[in-house]
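Participant: Sharing data_30.pdb here; it has PDB, C-alpha atoms.
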ATOM      1  CA  MET A 262       0.000   0.000   0.000
ATOM      2  CA  SER A 263       2.434   2.615  -1.191
ATOM      3  CA  GLY A 264       0.528   4.512  -3.892
ATOM      4  CA  GLU A 265       0.011   8.255  -3.758
ATOM      5  CA  ARG A 266      -3.502   7.841  -2.289
ATOM      6  CA  ASP A 267      -2.781   4.808  -0.158
ATOM      7  CA  PRO A 268      -3.554   3.177   2.124
ATOM      8  CA  LEU A 269      -7.184   4.353   1.977
ATOM      9  CA  ALA A 270      -7.539   4.013  -1.811
ATOM     10  CA  SER A 271      -6.406   0.384  -1.731
ATOM     11  CA  ILE A 272      -8.510  -0.412   1.333
ATOM     12  CA  ASP A 273     -11.654   1.070  -0.243
ATOM     13  CA  ALA A 274     -10.945  -0.801  -3.495
ATOM     14  CA  ALA A 275     -10.626  -4.095  -1.610
ATOM     15  CA  ILE A 276     -13.889  -3.430   0.223
ATOM     16  CA  GLU A 277     -15.698  -2.764  -3.072
ATOM     17  CA  ALA A 278     -14.261  -5.930  -4.628
ATOM     18  CA  LEU A 279     -15.342  -8.057  -1.667
ATOM     19  CA  LYS A 280     -18.862  -6.632  -1.776
ATOM     20  CA  ASN A 281     -19.174  -7.490  -5.474
ATOM     21  CA  ASP A 282     -17.590 -10.959  -5.408
ATOM     22  CA  ASP A 283     -18.704 -13.405  -2.717
ATOM     23  CA  ALA A 284     -15.978 -15.881  -3.696
ATOM     24  CA  LEU A 285     -13.153 -13.386  -3.169
ATOM     25  CA  ASN A 286     -10.782 -13.340  -0.191
ATOM     26  CA  VAL A 287      -7.974 -10.824   0.256
ATOM     27  CA  PHE A 288      -4.732 -10.240   2.077
ATOM     28  CA  LEU A 289      -4.230  -6.645   3.166
ATOM     29  CA  VAL A 290      -0.548  -5.933   3.679
ATOM     30  CA  GLY A 291       0.305  -2.740   5.543
ATOM     31  CA  ASP A 292      -0.187  -0.925   8.822
ATOM     32  CA  GLN A 293      -2.623  -3.060  10.796
ATOM     33  CA  SER A 294      -3.997  -0.215  12.916
ATOM     34  CA  ILE A 295      -4.932   1.885   9.868
ATOM     35  CA  ILE A 296      -6.428  -1.062   7.981
ATOM     36  CA  SER A 297      -8.449  -2.244  10.997
ATOM     37  CA  GLU A 298      -9.792   1.249  11.623
ATOM     38  CA  HIS A 299     -11.153   1.625   8.083
ATOM     39  CA  PHE A 300     -12.138  -1.942   7.236
ATOM     40  CA  PRO A 301     -15.750  -3.003   7.958
ATOM     41  CA  LYS A 302     -16.073  -5.731  10.592
ATOM     42  CA  GLU A 303     -18.689  -7.615   8.576
ATOM     43  CA  LEU A 304     -16.073  -8.338   5.877
ATOM     44  CA  MET A 305     -13.151  -9.226   8.135
ATOM     45  CA  HIS A 306     -13.831 -12.976   7.893
ATOM     46  CA  ARG A 307     -12.797 -12.765   4.217
ATOM     47  CA  ALA A 308      -9.691 -10.664   4.795
ATOM     48  CA  GLU A 309      -6.371 -11.306   6.491
ATOM     49  CA  ILE A 310      -4.207  -8.407   7.594
ATOM     50  CA  ILE A 311      -0.442  -8.851   7.411
ATOM     51  CA  HIS A 312       1.179  -6.076   9.388
ATOM     52  CA  THR A 313       4.207  -4.129   8.272
ATOM     53  CA  ASP A 314       5.126  -0.495   8.628
ATOM     54  CA  GLU A 315       7.900  -0.743   6.041
ATOM     55  CA  VAL A 316       6.999   0.998   2.778
ATOM     56  CA  VAL A 317       8.851   1.489  -0.517
ATOM     57  CA  SER A 318       8.675   5.176  -1.431
ATOM     58  CA  MET A 319       8.082   6.396  -4.976
ATOM     59  CA  GLN A 320      11.561   7.921  -4.997
ATOM     60  CA  GLU A 321      13.382   4.790  -3.857
ATOM     61  CA  SER A 322      15.643   3.032  -6.328
ATOM     62  CA  PRO A 323      14.641  -0.501  -7.357
ATOM     63  CA  VAL A 324      17.981  -1.862  -6.112
ATOM     64  CA  ASP A 325      17.546  -0.326  -2.652
ATOM     65  CA  ALA A 326      13.943  -1.505  -2.476
ATOM     66  CA  LEU A 327      15.015  -5.040  -3.338
ATOM     67  CA  ARG A 328      17.986  -5.228  -0.978
ATOM     68  CA  LYS A 329      16.951  -3.053   1.955
ATOM     69  CA  LYS A 330      13.152  -3.349   2.118
ATOM     70  CA  LYS A 331      12.580  -7.094   2.455
ATOM     71  CA  ASN A 332       9.697  -6.522   4.867
ATOM     72  CA  SER A 333       7.970  -3.844   2.810
ATOM     73  CA  SER A 334       4.284  -4.232   1.988
ATOM     74  CA  MET A 335       5.279  -4.667  -1.656
ATOM     75  CA  ARG A 336       7.797  -7.462  -1.013
ATOM     76  CA  LEU A 337       5.519  -9.311   1.386
ATOM     77  CA  SER A 338       2.662  -9.160  -1.122
ATOM     78  CA  VAL A 339       4.806 -10.666  -3.874
ATOM     79  CA  ASN A 340       6.018 -13.323  -1.422
ATOM     80  CA  LEU A 341       2.404 -14.396  -0.817
ATOM     81  CA  VAL A 342       2.085 -15.234  -4.515
ATOM     82  CA  SER A 343       5.395 -17.090  -4.541
ATOM     83  CA  GLU A 344       4.341 -19.122  -1.484
ATOM     84  CA  GLY A 345       1.041 -20.063  -3.101
ATOM     85  CA  LYS A 346      -1.011 -18.313  -0.428
ATOM     86  CA  ALA A 347      -2.334 -15.664  -2.830
ATOM     87  CA  ASP A 348      -3.317 -16.103  -6.473
ATOM     88  CA  ALA A 349      -2.302 -12.556  -7.431
ATOM     89  CA  CYS A 350      -0.647  -9.393  -6.157
ATOM     90  CA  VAL A 351      -1.998  -5.902  -6.867
ATOM     91  CA  SER A 352       0.251  -2.932  -6.075
ATOM     92  CA  SER A 353       0.063   0.803  -6.730
ATOM     93  CA  GLY A 354       3.604   1.430  -5.544
ATOM     94  CA  ASN A 355       6.947   2.246  -7.151
ATOM     95  CA  THR A 356       6.923   0.642 -10.616
ATOM     96  CA  GLY A 357      10.645  -0.099 -10.803
ATOM     97  CA  ALA A 358      10.671  -1.585  -7.319
ATOM     98  CA  LEU A 359       7.653  -3.767  -8.094
ATOM     99  CA  MET A 360       9.321  -4.982 -11.278
ATOM    100  CA  ALA A 361      12.555  -5.796  -9.422
ATOM    101  CA  ASN A 362      10.851  -7.587  -6.537
ATOM    102  CA  ALA A 363       8.459  -9.543  -8.744
ATOM    103  CA  LYS A 364      11.191 -10.704 -11.105
ATOM    104  CA  TYR A 365      13.525 -11.660  -8.238
ATOM    105  CA  VAL A 366      10.912 -13.539  -6.214
ATOM    106  CA  LEU A 367       8.710 -15.107  -8.893
ATOM    107  CA  LYS A 368      11.249 -15.578 -11.717
ATOM    108  CA  THR A 369      10.317 -15.546 -15.391
ATOM    109  CA  LEU A 370       8.492 -18.201 -17.391
ATOM    110  CA  PRO A 371      10.533 -20.712 -19.448
ATOM    111  CA  THR A 372      12.403 -19.066 -22.377
ATOM    112  CA  ILE A 373      11.190 -15.556 -21.418
ATOM    113  CA  ASP A 374      14.020 -13.019 -21.181
ATOM    114  CA  ARG A 375      12.122 -10.150 -19.586
ATOM    115  CA  PRO A 376       8.622  -9.532 -18.234
ATOM    116  CA  ALA A 377       6.564  -6.689 -19.735
ATOM    117  CA  PHE A 378       3.760  -4.409 -18.580
ATOM    118  CA  MET A 379       0.554  -4.991 -20.522
ATOM    119  CA  LYS A 380      -2.823  -3.314 -20.168
ATOM    120  CA  ALA A 381      -6.118  -2.731 -21.939
ATOM    121  CA  ILE A 382      -6.425   0.499 -23.945
ATOM    122  CA  PRO A 383      -9.908   1.873 -24.769
ATOM    123  CA  THR A 384     -10.669   1.955 -28.491
ATOM    124  CA  LYS A 385     -13.601   3.009 -30.660
ATOM    125  CA  GLY A 386     -15.073  -0.484 -30.564
ATOM    126  CA  GLY A 387     -13.981  -1.712 -27.146
ATOM    127  CA  TYR A 388     -10.348  -2.147 -26.159
ATOM    128  CA  THR A 389      -7.005  -3.477 -27.311
ATOM    129  CA  TYR A 390      -4.022  -4.763 -25.344
ATOM    130  CA  MET A 391      -0.689  -2.979 -25.511
ATOM    131  CA  LEU A 392       2.735  -4.022 -24.247
ATOM    132  CA  ASP A 393       5.396  -3.158 -23.137
ATOM    133  CA  LEU A 394       4.363  -0.021 -21.234
ATOM    134  CA  GLY A 395       7.513   0.721 -19.282
ATOM    135  CA  ALA A 396       9.228  -2.376 -17.918
ATOM    136  CA  ASN A 397      11.942  -2.364 -20.612
ATOM    137  CA  SER A 398      13.150   0.877 -22.185
ATOM    138  CA  THR A 399      15.081  -1.040 -24.840
ATOM    139  CA  CYS A 400      14.263  -4.424 -26.352
ATOM    140  CA  THR A 401      15.677  -6.891 -28.850
ATOM    141  CA  ALA A 402      13.664  -8.300 -31.736
ATOM    142  CA  GLU A 403      13.448 -11.620 -29.904
ATOM    143  CA  GLN A 404      12.014  -9.919 -26.812
ATOM    144  CA  LEU A 405       9.370  -8.127 -28.880
ATOM    145  CA  TYR A 406       8.519 -11.503 -30.383
ATOM    146  CA  GLN A 407       8.112 -12.935 -26.881
ATOM    147  CA  PHE A 408       5.881  -9.998 -25.901
ATOM    148  CA  ALA A 409       3.696 -10.749 -28.915
ATOM    149  CA  LEU A 410       3.320 -14.394 -27.929
ATOM    150  CA  MET A 411       2.354 -13.469 -24.364
ATOM    151  CA  GLY A 412      -0.053 -10.784 -25.520
ATOM    152  CA  ASN A 413      -1.639 -13.283 -27.874
ATOM    153  CA  VAL A 414      -2.417 -15.645 -24.976
ATOM    154  CA  VAL A 415      -3.940 -12.906 -22.811
ATOM    155  CA  ALA A 416      -6.088 -11.505 -25.641
ATOM    156  CA  ARG A 417      -7.216 -14.978 -26.672
ATOM    157  CA  GLU A 418      -8.269 -15.975 -23.164
ATOM    158  CA  ILE A 419      -9.660 -12.677 -21.830
ATOM    159  CA  LYS A 420     -11.332 -11.404 -25.011
ATOM    160  CA  GLY A 421     -12.363 -14.869 -26.121
ATOM    161  CA  ILE A 422     -10.854 -14.485 -29.596
ATOM    162  CA  SER A 423      -9.552 -17.677 -31.179
ATOM    163  CA  SER A 424      -6.974 -15.849 -33.310
ATOM    164  CA  PRO A 425      -6.215 -12.335 -31.997
ATOM    165  CA  LYS A 426      -4.774  -9.804 -34.434
ATOM    166  CA  VAL A 427      -1.250  -8.845 -33.342
ATOM    167  CA  ALA A 428       0.562  -5.732 -34.623
ATOM    168  CA  LEU A 429       3.882  -3.955 -34.098
ATOM    169  CA  LEU A 430       3.781  -0.231 -33.299
ATOM    170  CA  ASN A 431       5.845   1.632 -35.882
ATOM    171  CA  ILE A 432       6.237   5.030 -37.570
ATOM    172  CA  GLY A 433       4.491   3.766 -40.697
ATOM    173  CA  GLU A 434       2.691   0.747 -42.126
ATOM    174  CA  GLU A 435       5.114   0.209 -45.008
ATOM    175  CA  GLU A 436       7.689  -2.576 -44.729
ATOM    176  CA  ILE A 437      10.570  -0.160 -45.310
ATOM    177  CA  LYS A 438       9.611   1.972 -42.267
ATOM    178  CA  GLY A 439      11.194   1.617 -38.836
ATOM    179  CA  HIS A 440      14.589   0.689 -37.411
ATOM    180  CA  GLU A 441      16.286  -2.673 -37.788
ATOM    181  CA  MET A 442      15.029  -4.085 -34.493
ATOM    182  CA  ILE A 443      11.395  -3.551 -35.539
ATOM    183  CA  LYS A 444      12.049  -5.078 -38.963
ATOM    184  CA  GLU A 445      13.714  -8.122 -37.406
ATOM    185  CA  ALA A 446      10.805  -8.571 -34.996
ATOM    186  CA  SER A 447       8.403  -8.329 -37.924
ATOM    187  CA  ILE A 448      10.196 -11.155 -39.726
ATOM    188  CA  LEU A 449      10.006 -13.342 -36.609
ATOM    189  CA  LEU A 450       6.282 -12.682 -36.281
ATOM    190  CA  GLU A 451       5.604 -13.355 -39.951
ATOM    191  CA  GLU A 452       7.149 -16.800 -39.481
ATOM    192  CA  SER A 453       5.205 -17.472 -36.252
ATOM    193  CA  PRO A 454       1.852 -19.292 -35.878
ATOM    194  CA  ILE A 455       0.059 -16.226 -34.462
ATOM    195  CA  ASN A 456      -2.153 -13.875 -36.504
ATOM    196  CA  TYR A 457       0.370 -11.124 -37.213
ATOM    197  CA  VAL A 458      -1.189  -8.228 -39.173
ATOM    198  CA  GLY A 459       1.919  -6.066 -39.638
ATOM    199  CA  TYR A 460       2.746  -2.539 -38.522
ATOM    200  CA  ILE A 461       0.370  -0.077 -36.903
ATOM    201  CA  GLU A 462       0.877   3.675 -36.433
ATOM    202  CA  GLY A 463       0.239   5.629 -33.250
ATOM    203  CA  ASN A 464      -2.914   7.290 -34.562
ATOM    204  CA  ASP A 465      -4.409   3.853 -35.276
ATOM    205  CA  ILE A 466      -4.026   2.486 -31.729
ATOM    206  CA  VAL A 467      -7.710   3.267 -31.012
ATOM    207  CA  GLU A 468      -9.031   2.170 -34.419
ATOM    208  CA  ASP A 469      -9.548  -1.532 -33.545
ATOM    209  CA  LYS A 470      -7.043  -2.651 -36.169
ATOM    210  CA  ALA A 471      -5.360  -5.010 -33.711
ATOM    211  CA  ASP A 472      -6.209  -6.900 -30.525
ATOM    212  CA  VAL A 473      -2.592  -6.747 -29.340
ATOM    213  CA  ILE A 474      -0.101  -3.957 -30.051
ATOM    214  CA  VAL A 475       3.558  -4.656 -29.310
ATOM    215  CA  THR A 476       6.295  -2.095 -28.690
ATOM    216  CA  ASP A 477       9.272  -1.427 -26.414
ATOM    217  CA  GLY A 478       8.665  -0.010 -22.944
ATOM    218  CA  PHE A 479      10.075   3.435 -23.717
ATOM    219  CA  THR A 480       7.755   4.031 -26.666
ATOM    220  CA  GLY A 481       4.789   2.332 -25.034
ATOM    221  CA  ASN A 482       5.036   4.355 -21.832
ATOM    222  CA  ILE A 483       5.152   7.641 -23.738
ATOM    223  CA  ALA A 484       2.231   6.567 -25.937
ATOM    224  CA  ILE A 485      -0.054   5.569 -23.059
ATOM    225  CA  LYS A 486       0.708   8.674 -21.009
ATOM    226  CA  ALA A 487       0.161  10.902 -24.049
ATOM    227  CA  MET A 488      -3.231   9.243 -24.520
ATOM    228  CA  GLU A 489      -4.144   9.744 -20.853
ATOM    229  CA  GLY A 490      -3.103  13.383 -21.056
ATOM    230  CA  THR A 491      -5.142  13.907 -24.221
ATOM    231  CA  ILE A 492      -8.217  12.418 -22.555
ATOM    232  CA  GLY A 493      -7.731  14.802 -19.629
ATOM    233  CA  LEU A 494      -7.428  17.729 -22.029
ATOM    234  CA  MET A 495     -10.590  16.748 -23.907
ATOM    235  CA  VAL A 496     -12.611  16.429 -20.709
ATOM    236  CA  SER A 497     -11.291  19.776 -19.445
ATOM    237  CA  VAL A 498     -12.167  21.574 -22.704
ATOM    238  CA  LEU A 499     -15.646  20.051 -22.792
ATOM    239  CA  LYS A 500     -16.271  21.024 -19.172
ATOM    240  CA  GLY A 501     -15.156  24.562 -19.935
ATOM    241  CA  SER A 502     -17.452  24.734 -22.938
ATOM    242  CA  LEU A 503     -20.424  23.639 -20.829
ATOM    243  CA  LYS A 504     -19.614  26.135 -18.102
ATOM    244  CA  ASN A 505     -19.388  29.029 -20.549
ATOM    245  CA  SER A 506     -22.489  28.002 -22.488
ATOM    246  CA  SER A 507     -25.310  30.518 -22.496
ATOM    247  CA  ASP A 508     -27.926  28.047 -23.791
ATOM    248  CA  GLY A 509     -31.059  27.069 -21.886
ATOM    249  CA  ASP A 510     -31.130  24.651 -18.989
ATOM    250  CA  SER A 511     -32.532  21.782 -21.069
ATOM    251  CA  VAL A 512     -29.697  22.028 -23.558
ATOM    252  CA  SER A 513     -27.187  22.367 -20.753
ATOM    253  CA  ASN A 514     -28.556  19.293 -18.968
ATOM    254  CA  GLY A 515     -28.436  17.298 -22.194
ATOM    255  CA  SER A 516     -24.851  18.366 -22.775
ATOM    256  CA  GLN A 517     -23.884  17.388 -19.234
ATOM    257  CA  LEU A 518     -25.387  13.943 -19.784
ATOM    258  CA  ALA A 519     -23.425  13.570 -23.015
ATOM    259  CA  LEU A 520     -20.252  14.614 -21.194
ATOM    260  CA  ASP A 521     -20.874  12.071 -18.446
ATOM    261  CA  ILE A 522     -21.337   9.290 -21.015
ATOM    262  CA  PHE A 523     -18.175  10.411 -22.821
ATOM    263  CA  LYS A 524     -16.126  10.450 -19.614
ATOM    264  CA  GLU A 525     -17.307   7.009 -18.571
ATOM    265  CA  SER A 526     -16.579   5.444 -21.947
ATOM    266  CA  ILE A 527     -12.927   6.545 -22.024
ATOM    267  CA  ASP A 528     -12.224   6.841 -18.288
ATOM    268  CA  PRO A 529      -8.644   5.485 -17.872
ATOM    269  CA  ARG A 530      -9.574   4.231 -14.402
ATOM    270  CA  ARG A 531     -11.899   1.632 -15.948
ATOM    271  CA  HIS A 532      -8.861   0.133 -17.700
ATOM    272  CA  ASN A 533      -6.490   0.557 -14.769
ATOM    273  CA  GLY A 534      -4.201  -2.320 -13.926
ATOM    274  CA  ALA A 535      -1.146  -3.257 -15.980
ATOM    275  CA  LEU A 536      -0.365  -6.964 -15.898
ATOM    276  CA  LEU A 537       3.316  -7.819 -15.525
ATOM    277  CA  VAL A 538       3.365 -10.689 -18.020
ATOM    278  CA  GLY A 539       6.152 -13.240 -18.267
ATOM    279  CA  LEU A 540       6.415 -14.147 -14.583
ATOM    280  CA  ASN A 541       5.611 -17.330 -12.675
ATOM    281  CA  GLY A 542       2.771 -15.553 -10.911
ATOM    282  CA  ILE A 543       0.211 -12.804 -11.445
ATOM    283  CA  VAL A 544       1.298  -9.273 -10.556
ATOM    284  CA  VAL A 545      -0.834  -6.262 -11.475
ATOM    285  CA  LYS A 546       0.424  -2.678 -11.291
ATOM    286  CA  SER A 547      -2.237  -0.125 -10.434
ATOM    287  CA  HIS A 548      -1.552   3.493 -11.372
ATOM    288  CA  GLY A 549       0.140   5.178  -8.433
ATOM    289  CA  SER A 550      -2.092   8.264  -8.527
ATOM    290  CA  SER A 551      -5.358   6.434  -9.099
ATOM    291  CA  ASP A 552      -8.252   6.600  -6.658
ATOM    292  CA  SER A 553     -10.169   3.682  -5.160
ATOM    293  CA  TYR A 554     -12.294   3.306  -8.320
ATOM    294  CA  GLY A 555      -9.148   2.815 -10.401
ATOM    295  CA  HIS A 556      -7.622   0.419  -7.864
ATOM    296  CA  TYR A 557     -10.864  -1.559  -7.837
ATOM    297  CA  HIS A 558     -10.549  -2.116 -11.582
ATOM    298  CA  ALA A 559      -6.923  -3.210 -11.100
ATOM    299  CA  ILE A 560      -8.220  -5.879  -8.713
ATOM    300  CA  LEU A 561     -10.750  -6.936 -11.355
ATOM    301  CA  THR A 562      -7.881  -7.281 -13.833
ATOM    302  CA  ALA A 563      -6.066  -9.619 -11.443
ATOM    303  CA  ILE A 564      -9.218 -11.677 -10.851
ATOM    304  CA  ASP A 565      -9.699 -12.075 -14.620
ATOM    305  CA  GLU A 566      -6.146 -13.342 -15.050
ATOM    306  CA  VAL A 567      -6.604 -15.892 -12.260
ATOM    307  CA  LYS A 568      -9.966 -17.171 -13.486
ATOM    308  CA  LYS A 569      -8.710 -17.534 -17.061
ATOM    309  CA  GLU A 570      -5.612 -19.443 -15.841
ATOM    310  CA  ILE A 571      -3.270 -17.180 -17.799
ATOM    311  CA  ILE A 572      -0.052 -18.376 -16.123
ATOM    312  CA  PRO A 573      -0.581 -22.134 -16.729
ATOM    313  CA  LYS A 574      -1.562 -21.456 -20.342
ATOM    314  CA  MET A 575       1.502 -19.279 -20.947
ATOM    315  CA  THR A 576       3.726 -21.865 -19.304
ATOM    316  CA  GLU A 577       2.288 -24.589 -21.501
ATOM    317  CA  MET A 578       2.880 -22.498 -24.623
ATOM    318  CA  PHE A 579       6.512 -21.692 -23.852
ATOM    319  CA  GLU A 580       7.352 -25.261 -22.815
ATOM    320  CA  LYS A 581       6.315 -26.608 -26.230
TER     321      LYS A 581
END
Rewrite the coordinates I just gave you, this time as structure tokens.
Facilitator:
Amino acid sequence: MSGERDPLASIDAAIEALKNDDALNVFLVGDQSIISEHFPKELMHRAEIIHTDEVVSMQESPVDALRKKKNSSMRLSVNLVSEGKADACVSSGNTGALMANAKYVLKTLPTIDRPAFMKAIPTKGGYTYMLDLGANSTCTAEQLYQFALMGNVVAREIKGISSPKVALLNIGEEEIKGHEMIKEASILLEESPINYVGYIEGNDIVEDKADVIVTDGFTGNIAIKAMEGTIGLMVSVLKGSLKNSSDGDSVSNGSQLALDIFKESIDPRRHNGALLVGLNGIVVKSHGSSDSYGHYHAILTAIDEVKKEIIPKMTEMFEK
């Protein structure tokens, strides 16, 4: 519980998840006195509090977090997955520290070089999956190929698509576009059994041209944050337009309703929760600045991955 709005945001998210899923049980790792004070007694029989007052700060280096904070709420949460006591870990803390702890404790799947952050991105017709979103600033062609294979499994199982469309993010759709690493990855994917549809440009991310979009973590992180910023700008401009409108109340009320529908349809919080794919366990990264509504959806992401048995299916694929 080390996000910017924690511990209350995570506690409230857990409460909401428990209320909406009678089969769910949770571990709450953090300061016991704070958790106990805010957690409803009627739900305590489905929750176990693991006390620690050690927290990884957002400014802490991943190396220090790994070596010096072995009793942090983050490390203890990942340990629960490794020990088989929890099916998944959801954290809103320091991204680099979570990556380091998860990789050290859980290890990677067979033949996987590096794990990658993957999440759902809202599109015009629903959503697409995109990875990597920040775990690896540079990647080899082989690693991009591995990301594509992992993304294919998640999209197939979660979206229920027998043959998901997989694309590489590039500066153009033509074969001659892009640097050598992208071209090499494209060749690997063309020779693979998955449904590779070629390159996709940034402006086509939301056009439902692919179910999985693959890129390196540097590019992916910039792309997703640019999209989130653009959504914020659009909402702000629309709100300002409504406020300055001199039309009648009925028109104003209708416009407010339209704005509410618009906000809900593209609300980044509804797609919060980046899955750290490629590990021997489910770890979901919730946005550090998200509120309880966003954290709740990160928990839903973790539940989906568990129910769809993503880890066993990935393991089976990479052991072939």
Participant: Given only C-alpha atoms as the basis, pick out the residue of A:Asp267, A:Asp465, A:Glu570, A:Glu441 nearest to A:Arg417.
Facilitator: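 Using only C-alpha atoms, the shortest distance to A:Arg417 belongs to A:Glu570.
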Participant: Counting only C-alpha atoms, which of A:Val427, A:Ala275, A:Leu540, A:Val458 gets nearest to A:Phe579?
Facilitator: A:Leu540
Participant: Selected by the PyMOL selection byres ((chain A and resi 544) around 9) in the shown coordinates: which residues, as an MDAnalysis selection string?
Facilitator: chainID A and resid 339 342 349:352 359 363 535:538 540 542:543 545:546 563
Participant: Since we have the selection now, will you write its residues out, keeping C-alpha atoms, as a short mmCIF file (atom, residue, chain, number, x, y, z; two decimals), in the coordinates of the input?
Facilitator:
data_model
loop_
_atom_site.label_atom_id
_atom_site.label_comp_id
_atom_site.auth_asym_id
_atom_site.auth_seq_id
_atom_site.Cartn_x
_atom_site.Cartn_y
_atom_site.Cartn_z
CA VAL A 339 4.81 -10.67 -3.87
CA VAL A 342 2.08 -15.23 -4.51
CA ALA A 349 -2.30 -12.56 -7.43
CA CYS A 350 -0.65 -9.39 -6.16
CA VAL A 351 -2.00 -5.90 -6.87
CA SER A 352 0.25 -2.93 -6.08
CA LEU A 359 7.65 -3.77 -8.09
CA ALA A 363 8.46 -9.54 -8.74
CA ALA A 535 -1.15 -3.26 -15.98
CA LEU A 536 -0.36 -6.96 -15.90
CA LEU A 537 3.32 -7.82 -15.52
CA VAL A 538 3.36 -10.69 -18.02
CA LEU A 540 6.42 -14.15 -14.58
CA GLY A 542 2.77 -15.55 -10.91
CA ILE A 543 0.21 -12.80 -11.44
CA VAL A 545 -0.83 -6.26 -11.48
CA LYS A 546 0.42 -2.68 -11.29
CA ALA A 563 -6.07 -9.62 -11.44
#
Participant: Using all atoms listed in the file, which of the listed residues (A:Ile466, A:Met575, A:Ile564, A:Ile295) sits closest to A:Ala484?
Facilitator: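 Between A:Ile466, A:Met575, A:Ile564, A:Ile295, the residue approaching A:Ala484 most closely is A:Ile466.
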Participant: Which neighbours of A:Glu445 fall inside 12 Å, counting only C-alpha atoms, when residues of the same chain fewer than 2 positions from it are skipped, and could you give them as a ChimeraX atom specification?
Facilitator: /A:400-406,429,436-443,447-452
Participant: Which residues come within 9 Å of A:Ser271, counting all atoms listed in the file, excluding same-chain residues fewer than 5 positions away, as a list in words?
Facilitator: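 Selected residues are Met262, Gly264, Arg266, Ile276, Leu289, Ser352, Ser353, Asp552, Ser553, His556 and Tyr557 of chain A.
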Participant: Of the residues A:Gly481, A:Gly501, A:Gly354, A:Pro573, which is the one nearest to A:Ile382, using all atoms listed in the file?
Facilitator: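 Ranking A:Gly481, A:Gly501, A:Gly354, A:Pro573 by distance to A:Ile382, first place goes to A:Gly481.
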Participant: Expand the PyMOL selection byres ((chain A and resi 301) around 12) into the individual residues it matches in the shown file, reporting them as an MDAnalysis selection string.
Facilitator: chainID A and resid 272:273 275:277 279:280 296:300 302:308
Participant: Please identify all polymer residues within 9 Å of A:Glu418, counting only C-alpha atoms, omitting same-chain residues fewer than 2 positions from it, and present them as a PDB file with C-alpha atoms, in the frame of the given file.
Facilitator:
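What landed in result-v2.pdb:
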ATOM      1  CA  ASN A 413      -1.639 -13.283 -27.874  1.00  0.00           C
ATOM      2  CA  VAL A 414      -2.417 -15.645 -24.976  1.00  0.00           C
ATOM      3  CA  VAL A 415      -3.940 -12.906 -22.811  1.00  0.00           C
ATOM      4  CA  ALA A 416      -6.088 -11.505 -25.641  1.00  0.00           C
ATOM      5  CA  LYS A 420     -11.332 -11.404 -25.011  1.00  0.00           C
ATOM      6  CA  GLY A 421     -12.363 -14.869 -26.121  1.00  0.00           C
ATOM      7  CA  ILE A 422     -10.854 -14.485 -29.596  1.00  0.00           C
ATOM      8  CA  SER A 423      -9.552 -17.677 -31.179  1.00  0.00           C
ATOM      9  CA  GLU A 566      -6.146 -13.342 -15.050  1.00  0.00           C
ATOM     10  CA  LYS A 569      -8.710 -17.534 -17.061  1.00  0.00           C
ATOM     11  CA  GLU A 570      -5.612 -19.443 -15.841  1.00  0.00           C
ATOM     12  CA  ILE A 571      -3.270 -17.180 -17.799  1.00  0.00           C
TER      13      ILE A 571
END
Participant: Nearest residue to A:Ser398 out of A:Asn456, A:Thr480, A:Ser322, A:Asn281, using all atoms listed in the file?
Facilitator: A:Thr480
Participant: So that I can check the surroundings of A:Leu394, please list as a PyMOL selection string every protein, DNA and RNA residue that reaches within 8 Å of it, counting only C-alpha atoms and ignoring chain neighbours fewer than 3 positions away.
Facilitator: chain A and resi 377-380+391+397+476-482+485
Participant: Quick one: everything within 12 Å of A:Asn362, counting all atoms listed in the file, minus sequence neighbours fewer than 2 positions away in the same chain. Send it as a ChimeraX atom specification.
Facilitator: /A:317,322-340,342-343,350,352,354-360,364-369,537,540,544
Participant: Generate the output file for the selected residues, C-alpha atoms, as a short mmCIF file (atom, residue, chain, number, x, y, z; two decimals), in the coordinates of the input.
Facilitator:
data_model
loop_
_atom_site.label_atom_id
_atom_site.label_comp_id
_atom_site.auth_asym_id
_atom_site.auth_seq_id
_atom_site.Cartn_x
_atom_site.Cartn_y
_atom_site.Cartn_z
CA VAL A 317 8.85 1.49 -0.52
CA SER A 322 15.64 3.03 -6.33
CA PRO A 323 14.64 -0.50 -7.36
CA VAL A 324 17.98 -1.86 -6.11
CA ASP A 325 17.55 -0.33 -2.65
CA ALA A 326 13.94 -1.50 -2.48
CA LEU A 327 15.02 -5.04 -3.34
CA ARG A 328 17.99 -5.23 -0.98
CA LYS A 329 16.95 -3.05 1.96
CA LYS A 330 13.15 -3.35 2.12
CA LYS A 331 12.58 -7.09 2.46
CA ASN A 332 9.70 -6.52 4.87
CA SER A 333 7.97 -3.84 2.81
CA SER A 334 4.28 -4.23 1.99
CA MET A 335 5.28 -4.67 -1.66
CA ARG A 336 7.80 -7.46 -1.01
CA LEU A 337 5.52 -9.31 1.39
CA SER A 338 2.66 -9.16 -1.12
CA VAL A 339 4.81 -10.67 -3.87
CA ASN A 340 6.02 -13.32 -1.42
CA VAL A 342 2.08 -15.23 -4.51
CA SER A 343 5.40 -17.09 -4.54
CA CYS A 350 -0.65 -9.39 -6.16
CA SER A 352 0.25 -2.93 -6.08
CA GLY A 354 3.60 1.43 -5.54
CA ASN A 355 6.95 2.25 -7.15
CA THR A 356 6.92 0.64 -10.62
CA GLY A 357 10.64 -0.10 -10.80
CA ALA A 358 10.67 -1.58 -7.32
CA LEU A 359 7.65 -3.77 -8.09
CA MET A 360 9.32 -4.98 -11.28
CA LYS A 364 11.19 -10.70 -11.10
CA TYR A 365 13.52 -11.66 -8.24
CA VAL A 366 10.91 -13.54 -6.21
CA LEU A 367 8.71 -15.11 -8.89
CA LYS A 368 11.25 -15.58 -11.72
CA THR A 369 10.32 -15.55 -15.39
CA LEU A 537 3.32 -7.82 -15.52
CA LEU A 540 6.42 -14.15 -14.58
CA VAL A 544 1.30 -9.27 -10.56
#
